[in-house]
Amino acid sequence: MKLSDKLEILADAAKYDASCASSGAPKRASDGNDGGIGATTGMGICHSYTPDGRCVSLLKILLTNFCVYDCQYCVNRRTSNVPRARFSVAEVVKLTHDFYLRNYIDGLFLSSGIIQSSDYTMEQLVAVARTLREVHHFKGYIHLKTIPDADPLLIAEAGRYADRLSVNIELPTHDSVTRLAPEKNVHTIKLAMGSIRRKLDEKAEEPKGPSFAPAGQSTQMIVGADASDDQTILNTAETLYGSYKLKRVYYSAFSPIPQSPDSVPLAPPPLLREHRLYQADFLLRGYGFTAGELMPAAGNLALDVDPKLAWALANREHFPMDLNRADAEMIARVPGIGLRNAKRIVDLRRLRRVRWEDLSRLRCSMKKIAPFVVTADYKPAQGLASSDLLRRHLGAPQEQMNLWPELKAA
Amino acid sequence: MNAAAAVAMVAAGQPLVVSSFLEWRAVARELLVHDVAPELVTWNQVGVLDADLFSGAPDSAPSVDNVPAGLTPTKPAPHIPRALMDMLQSAACCRVPDRWAFLYRVIWRWQHGEHDVQSPADADGARLHAMVKAVRREEHDMHAYIRFRERPIEAGPPQFAAWFEPRHDVLPQVAEHFKHRMGGVTWMIGTPEASVMWDGASLHHTGPLMSSAADLDDAGEALWLTYYRSIFNPARVNAQLMQSHIPSRFWKNLPEGAIVPAMVSNAELGARSTGQAQAVGRKSGATIPIAPADAQPERQQPSKLDECRRCDLWQYATQAVGGEGPKKAQIMLVGEQPGDQEDLAGKAFIGPAGKLLDRVFEAAGLERREIYLTNAVKHFKWEPRGKRRLHKTPAQREVEACHYWLDKELASVKPKVIVALGATALKSVIGNGNAKLGESLGKAIRHEDRWVVTVYHPSYILRVPDEEAKHQAFKVMVDGLKLAQSLLERPPEEPPA
Ligand code: SF4
């Protein structure tokens with residue numbers, strides 16, 4: 001089979017993994033002495049966007065889409081009648097090099113169907129990374145998918161070459177995994193994440209030791225392939241963040257596949273739901289919100305307003321907040337004020353009192369913050385509007401679903 | 001230009017002509033020490049297009065000797081913080097006609113104590129931040145959207161060539177980026193204003209050498225387009241969103257730009273029912289013939305304990321942590337629950353509390369390997385605190401649910417003495433949810449044909465801030481373990497001393 005035919009099949013098979021981040025690697029540069037190429041700056045770069053609005057930062061492919069598992073949501077499951085292909089190690093190396101030199105990509109994200117056994121599959125993935133690093137002295141970014149049942153020694157080796165490792169949790173509950181991914185097992189998935197975290201901890205304690213996945217680990221959850229609600233999804237995300245120090249949880253709206261089995265839905269969930277989950281996740285990671293604060297009851301995140309606004313509307317006792325007194329962490333909870341502006345406001349306060357005009361220069365969304373803040377010269381009108389009214393006023397029009405900048409960060 | 005002459009030039013009403021940040025900085029320093037107000041200075045930028053960027057501007061200024069009387073320094077040398085200087089340096093690359101005048105105004109205000117000039121909430125500060133942002137954005141875009149094409153080998157170096165039309169003066173720093181990225185591979189980047197070439201060892205800056213993208217036939221580009229078509233999910237087509245990410249001026253030089261319209265209209269015309277690329281759907285497929293049983297990975301049969309669902313704690317933990325020690329140990333130590341480390345490793349008492357326990361054993365003259373160590377609750381209960389897991393005391397119902405497992409361990413090990421570490425362990429061991437640690441601390445009680453000695457949990461010692469209290473608690477633990485040891489020798493009916 002021609003290389004371009006393989007690429008066609010194995011890129012198509014890889015597109016369901018949402019992650020394309022290439023940030024968080026330590027600074028590396030090629031000086032040309034070892035014949036290698038590649039550099040990392042620590043910041044990921046999106047080199048292109050596809051017409052679905054997704055960032056292209058890495059060459060994202062499967063080593064092979066032959067797979068003995070039968071995960072119902074997956075286009076590559078053994079009972080799926082898709083064209084199959086397999087790259088050789090040399091082919092992946094060549095593609096990575098060719099794309100990298102033309103500045104199409106920051107590196108490689110390699111995953112694979114399960115062939116023969118978990119260990120064998122993992123060995124193949126590691127072989128690609130090892131060849132890139134040790135034979136070709138490639139210093140670009142490498143993300144390796146980790147096969148959860150593989151020998152921890154193989155996972156340790158993968159971490160030596162890769163900037164990031166990921167083990168996909170796949171679905172938000174134990175029962176869903178058992179039902180829809182009969183060969184997978186939440187217990188071993190968690191054990192794999194745990195073993196990666198222990199390696200990361202070891203490395204943190206001994207910075208001089210051999211490198212181990214400096215950009216950390218991540219995972220992905222499919223949304224809408226089972227009946228789990230957003231509360232369940234966020235609770236699972238919180239559990240995984242806390243337990244395994246994940247850099248990111250990615251949410252991938254279930255995308256119907258050719259010859260879909262009856263066990264999964266025929267229609268995708270609204271993309272806005274995926275977007276809201278990303279927003280909520282962002283608040284979990286960066287803003288100190290807990291899953292319980294964002295989703296105090298069973299159900300899904302509101303679609304009409306973003307999760308931070310929803311929280312503020314449900315917790316009016318904190319507002320209006322005096323920006324000349326509140327601490328940075330609370331200021332960042334004001335709808336329309338982000339972490340960076342919260343810090344800027346606190347910085348400015350050291351010099352003088354914060355005024356309404358300052359907020360406009362900081363490019364806060366003035367309409368959004370108006371009901372929630374007090375400044376030296378501003379107070380929201382008396383007889384505060386009800387949360388329902390505010391919701392109607394602030395919820396529309398629907399903002400554009402611009403989530404990929406959030407995705408590429410970290 | 002000659003910085004030392006700047007003050008004289010201003011006095012003579014002549015404009016100051018600068019062509020680089022370093023030059024501006026030298027002049028600005030000189031003006032600051034003479035306290036020359038921004039309104040008095042006219043700055044001219046050397047025309048970007050007509051000047052040679054790499055030699056300075058012609059020096060037609062009056063010489064230093066001509067400094068008029070009265071222009072002696074009046075201010076101390078300015079001390080500009082690094083962060084502000086970095087911002088000024090970036091902003092200097094921004095192609096706005098008044099860049100030097102604006103930068104001087106900023107630095108002059110700073111020098112006069114107006115430190116909020118650095119804040120984006122100040123009008124000048126906001127503009128400074130905006131200029132820096134525009135420059136950084138341009139650097140970033142150039143890092144992202146430059147596309148190299150491979151030249152035929154016969155043509156000689158550079159092996160790769162790229163064309164880019166930057167909006168700001170960022171080529172020098174962008175060249176540094178690609179130098180590190182391409183290693184020994186040779187390349188050049190052409191822009192309308194200047195060019196830069198990398199020969200594998202050093203960078204060569206020159207004037208413009210190209211006037212548009214090189215028309216090269218590069219086989220690598222075809223593979224890239226194949227990839228680009230396949231990685232796109234037609235079921236999620238959202239062209240507007242895509243376009244919002246990359247300004248339209250870049251699309252024309254991106255090879256994939258040419259195929260986007262067809263991809264979008266195909267996706268919009270097509271059923272959009274699945275994410276598969278059309279080209280892949282047309283190829284013939286194959287299922288993998290393997291029996292479900294053969295596809296199951298080999299795994300250790302999970303233990304009954306790991307499959308326990310008696311309470312909800314398993315959902316938030318990695319694994320259940322069972323007891324460990326000699327099958328017929330005489331002393332069984334019962335803690336509360338595994339912690340963060342234990343949860344990951346699947347072993348009891350290996351974290352900080354376990355390390356402390358080892359010291360207690362040593363002080364009491366006991367061997368850890370002779371003692372059976374377990375916990376009242378087998379799964380780690382925690383709550384998120386920032387990025388960490390914070391231990392949370394198990395609820396009585398969880399302690400009761402998990403008693404099932406402790407019972408099994410007691411029945412098989414049959415210890416003579418149990419050492420309960422802390423209140424949770426005590427409640428579980430004596431089956432009384434109301435038991436109070438204070439009442440039993442350091443004592444031995446008889447419970448179901450066994451001695452039960454209660455001491456602190458080691459994590460209590462780790463937690464108490466006060467050294468004296470730590471010391472006391474440690475002693476209680478050591479004494480408790482000694483007591484447990486001595487109870488082994490004592491007939492059951494005899495009460496402890
Ligand atoms: S804590 Fe105990 S009772 Fe609860 S699930 Fe775990 S082993 Fe079972």
# chains A, B, ... in the order shown; residues from 1 in each chain; ligands from 1
call {"tool": "residues_around", "arguments": {"residues": "A:Lys367", "least_positions_apart": "3", "cutoff": "10 Å", "atoms": "only C-alpha atoms", "output": "MDAnalysis selection string"}}
result
chainID A and resid 336 364 370:372 393:394
call {"tool": "select_by_dssp", "arguments": {"residues": "stretch 42-129 of chain A", "states": "strand (DSSP E)", "output": "MDAnalysis selection string"}}
result
chainID A and resid 48:49 55:56 58:62 107:111
call {"tool": "residues_near_ligand", "arguments": {"ligand": "ligand 1", "cutoff": "8 Å", "atoms": "only C-alpha atoms and all ligand atoms", "output": "ChimeraX atom specification"}}
result
/B:305-315,320,377-381,398-405
call {"tool": "select_by_dssp", "arguments": {"residues": "stretch 243-413 of chain B", "states": "alpha helix (DSSP H)", "output": "ChimeraX atom specification"}}
result
/B:243-245,248-251,260-269,278-282,292-295,340-345,352-364,396-413
call {"tool": "write_last_selection", "arguments": {"atoms": "C-alpha atoms", "output": "short mmCIF file (atom, residue, chain, number, x, y, z; two decimals), in the first residue's frame"}}
result
data_model
loop_
_atom_site.label_atom_id
_atom_site.label_comp_id
_atom_site.auth_asym_id
_atom_site.auth_seq_id
_atom_site.Cartn_x
_atom_site.Cartn_y
_atom_site.Cartn_z
CA GLN B 243 -11.44 31.15 9.66
CA SER B 244 -11.66 33.04 12.91
CA HIS B 245 -8.51 31.31 14.10
CA SER B 248 -7.27 35.63 6.08
CA ARG B 249 -3.99 37.21 5.02
CA PHE B 250 -2.23 33.97 5.97
CA TRP B 251 -4.51 31.54 4.20
CA VAL B 260 -10.47 24.30 2.14
CA PRO B 261 -13.41 25.63 0.05
CA ALA B 262 -13.94 22.26 -1.63
CA MET B 263 -13.70 20.43 1.72
CA VAL B 264 -16.24 22.74 3.29
CA SER B 265 -18.75 22.55 0.47
CA ASN B 266 -18.38 18.77 0.26
CA ALA B 267 -18.99 18.44 3.95
CA GLU B 268 -21.97 20.76 3.80
CA LEU B 269 -23.49 18.98 0.81
CA GLN B 278 -15.05 10.28 1.92
CA ALA B 279 -11.88 8.87 0.42
CA VAL B 280 -11.61 6.36 3.26
CA GLY B 281 -15.26 5.37 2.98
CA ARG B 282 -14.75 4.43 -0.66
CA PRO B 292 -14.42 -12.25 21.72
CA ALA B 293 -12.89 -14.60 24.28
CA ASP B 294 -9.52 -14.49 22.51
CA ALA B 295 -9.59 -10.73 22.35
CA ASP B 340 -2.76 9.14 48.60
CA GLN B 341 0.45 7.10 48.27
CA GLU B 342 -1.11 3.88 49.47
CA ASP B 343 -3.94 4.30 46.99
CA LEU B 344 -1.50 4.53 44.10
CA ALA B 345 0.82 1.76 45.21
CA PRO B 352 4.41 9.76 55.36
CA ALA B 353 2.30 8.16 58.12
CA GLY B 354 3.86 4.80 57.35
CA LYS B 355 7.35 6.26 57.60
CA LEU B 356 6.50 7.69 61.00
CA LEU B 357 5.09 4.37 62.09
CA ASP B 358 8.43 2.78 61.24
CA ARG B 359 10.09 5.12 63.71
CA VAL B 360 7.54 4.18 66.35
CA PHE B 361 8.27 0.49 65.76
CA GLU B 362 11.94 1.11 66.12
CA ALA B 363 11.52 3.06 69.33
CA ALA B 364 9.28 0.34 70.76
CA GLN B 396 -19.65 5.68 60.12
CA ARG B 397 -21.66 3.90 57.41
CA GLU B 398 -18.48 3.40 55.39
CA VAL B 399 -16.66 2.09 58.43
CA GLU B 400 -19.50 -0.31 59.06
CA ALA B 401 -19.68 -1.42 55.43
CA CYS B 402 -15.99 -2.11 55.37
CA HIS B 403 -16.04 -3.98 58.67
CA TYR B 404 -16.88 -6.99 56.56
CA TRP B 405 -13.27 -7.07 55.35
CA LEU B 406 -11.70 -6.40 58.72
CA ASP B 407 -13.72 -9.27 60.12
CA LYS B 408 -12.36 -11.57 57.48
CA GLU B 409 -8.82 -10.52 58.29
CA LEU B 410 -9.38 -10.98 62.03
CA ALA B 411 -10.87 -14.41 61.44
CA SER B 412 -7.93 -15.60 59.42
CA VAL B 413 -5.00 -13.95 61.24
#
call {"tool": "atom_distance", "arguments": {"atom1": "atom CA of A:Asp70", "atom2": "atom CA of A:Pro148"}}
result
15.7 Å
call {"tool": "closest_residue", "arguments": {"among": "A:Glu357, A:Glu206, A:Asp262, A:Glu274", "to": "A:Gly224", "atoms": "only C-alpha atoms"}}
result
A:Glu274
call {"tool": "residues_around", "arguments": {"residues": "A:Tyr244", "least_positions_apart": "5", "cutoff": "8 Å", "atoms": "only C-alpha atoms", "output": "ChimeraX atom specification"}}
result
/A:193-194,196-197
call {"tool": "residues_around", "arguments": {"residues": "stretch 321-323 of chain B", "least_positions_apart": "2", "cutoff": "6 Å", "atoms": "only C-alpha atoms", "output": "list in words"}}
result
Gly346, Lys347, Leu373, Thr374 and Lys378 of chain B
call {"tool": "residues_around", "arguments": {"residues": "stretch 34-38 of chain A", "least_positions_apart": "5", "cutoff": "10 Å", "atoms": "only C-alpha atoms", "output": "ChimeraX atom specification"}}
result
/A:28-29,97,100-101,106-107,132-141 /B:178-185
call {"tool": "write_last_selection", "arguments": {"atoms": "N, CA, C and O atoms", "output": "short mmCIF file (atom, residue, chain, number, x, y, z; two decimals), in the first residue's frame"}}
result
data_model
loop_
_atom_site.label_atom_id
_atom_site.label_comp_id
_atom_site.auth_asym_id
_atom_site.auth_seq_id
_atom_site.Cartn_x
_atom_site.Cartn_y
_atom_site.Cartn_z
N ARG A 28 13.93 22.84 24.33
CA ARG A 28 14.97 22.05 23.66
C ARG A 28 15.29 22.73 22.34
O ARG A 28 14.43 23.37 21.75
N ALA A 29 16.52 22.59 21.91
CA ALA A 29 16.89 23.18 20.63
C ALA A 29 17.87 22.26 19.93
O ALA A 29 18.57 21.47 20.57
N HIS A 97 9.34 13.71 10.12
CA HIS A 97 10.42 14.56 9.64
C HIS A 97 9.97 15.48 8.53
O HIS A 97 10.21 16.69 8.55
N TYR A 100 7.61 18.06 9.79
CA TYR A 100 8.24 18.98 10.74
C TYR A 100 9.10 20.02 10.01
O TYR A 100 9.04 21.21 10.32
N LEU A 101 9.88 19.56 9.04
CA LEU A 101 10.79 20.48 8.34
C LEU A 101 10.02 21.52 7.54
O LEU A 101 10.51 22.62 7.30
N ASP A 106 4.28 20.52 15.16
CA ASP A 106 5.22 20.63 16.28
C ASP A 106 5.78 19.28 16.71
O ASP A 106 6.64 19.20 17.57
N GLY A 107 5.16 18.22 16.17
CA GLY A 107 5.62 16.90 16.57
C GLY A 107 4.59 15.84 16.25
O GLY A 107 3.72 16.04 15.39
N LEU A 132 12.87 7.88 16.83
CA LEU A 132 12.91 9.32 16.59
C LEU A 132 13.93 10.00 17.48
O LEU A 132 14.72 10.83 17.03
N ARG A 133 13.92 9.62 18.75
CA ARG A 133 14.81 10.32 19.70
C ARG A 133 16.25 9.88 19.59
O ARG A 133 17.15 10.71 19.59
N GLU A 134 16.46 8.57 19.52
CA GLU A 134 17.84 8.09 19.66
C GLU A 134 18.56 7.95 18.34
O GLU A 134 19.76 8.17 18.27
N VAL A 135 17.84 7.58 17.29
CA VAL A 135 18.51 7.45 16.00
C VAL A 135 18.52 8.80 15.27
O VAL A 135 19.52 9.21 14.72
N HIS A 136 17.37 9.49 15.30
CA HIS A 136 17.27 10.73 14.51
C HIS A 136 17.43 12.00 15.35
O HIS A 136 17.37 13.09 14.81
N HIS A 137 17.61 11.84 16.63
CA HIS A 137 17.79 12.99 17.53
C HIS A 137 16.72 14.05 17.31
O HIS A 137 17.00 15.24 17.23
N PHE A 138 15.52 13.59 17.22
CA PHE A 138 14.38 14.48 17.01
C PHE A 138 14.02 15.15 18.34
O PHE A 138 13.79 14.47 19.34
N LYS A 139 13.97 16.49 18.34
CA LYS A 139 13.71 17.19 19.59
C LYS A 139 12.35 17.87 19.62
O LYS A 139 12.05 18.68 20.49
N GLY A 140 11.53 17.55 18.62
CA GLY A 140 10.15 18.07 18.64
C GLY A 140 9.33 17.34 19.69
O GLY A 140 9.84 16.56 20.49
N TYR A 141 8.05 17.61 19.67
CA TYR A 141 7.15 17.10 20.70
C TYR A 141 6.68 15.69 20.36
O TYR A 141 6.37 15.40 19.20
N PHE B 178 13.69 29.60 14.14
CA PHE B 178 13.85 28.55 13.13
C PHE B 178 15.26 27.98 13.09
O PHE B 178 15.47 26.84 12.72
N LYS B 179 16.20 28.77 13.51
CA LYS B 179 17.57 28.28 13.61
C LYS B 179 17.62 27.07 14.55
O LYS B 179 18.17 26.03 14.24
N HIS B 180 16.97 27.22 15.71
CA HIS B 180 16.97 26.13 16.68
C HIS B 180 16.13 24.96 16.20
O HIS B 180 16.37 23.81 16.55
N ARG B 181 15.12 25.26 15.41
CA ARG B 181 14.17 24.22 15.04
C ARG B 181 14.71 23.33 13.93
O ARG B 181 14.42 22.15 13.88
N MET B 182 15.50 23.92 13.03
CA MET B 182 15.88 23.17 11.84
C MET B 182 17.25 22.50 11.95
O MET B 182 17.66 21.80 11.02
N GLY B 183 17.94 22.70 13.07
CA GLY B 183 19.23 22.04 13.25
C GLY B 183 20.18 22.35 12.09
O GLY B 183 20.34 23.51 11.72
N GLY B 184 20.76 21.31 11.50
CA GLY B 184 21.73 21.53 10.42
C GLY B 184 21.11 21.70 9.04
O GLY B 184 21.84 21.85 8.05
N VAL B 185 19.79 21.68 8.96
CA VAL B 185 19.13 21.79 7.66
C VAL B 185 19.11 23.26 7.22
O VAL B 185 18.75 24.14 8.00
#
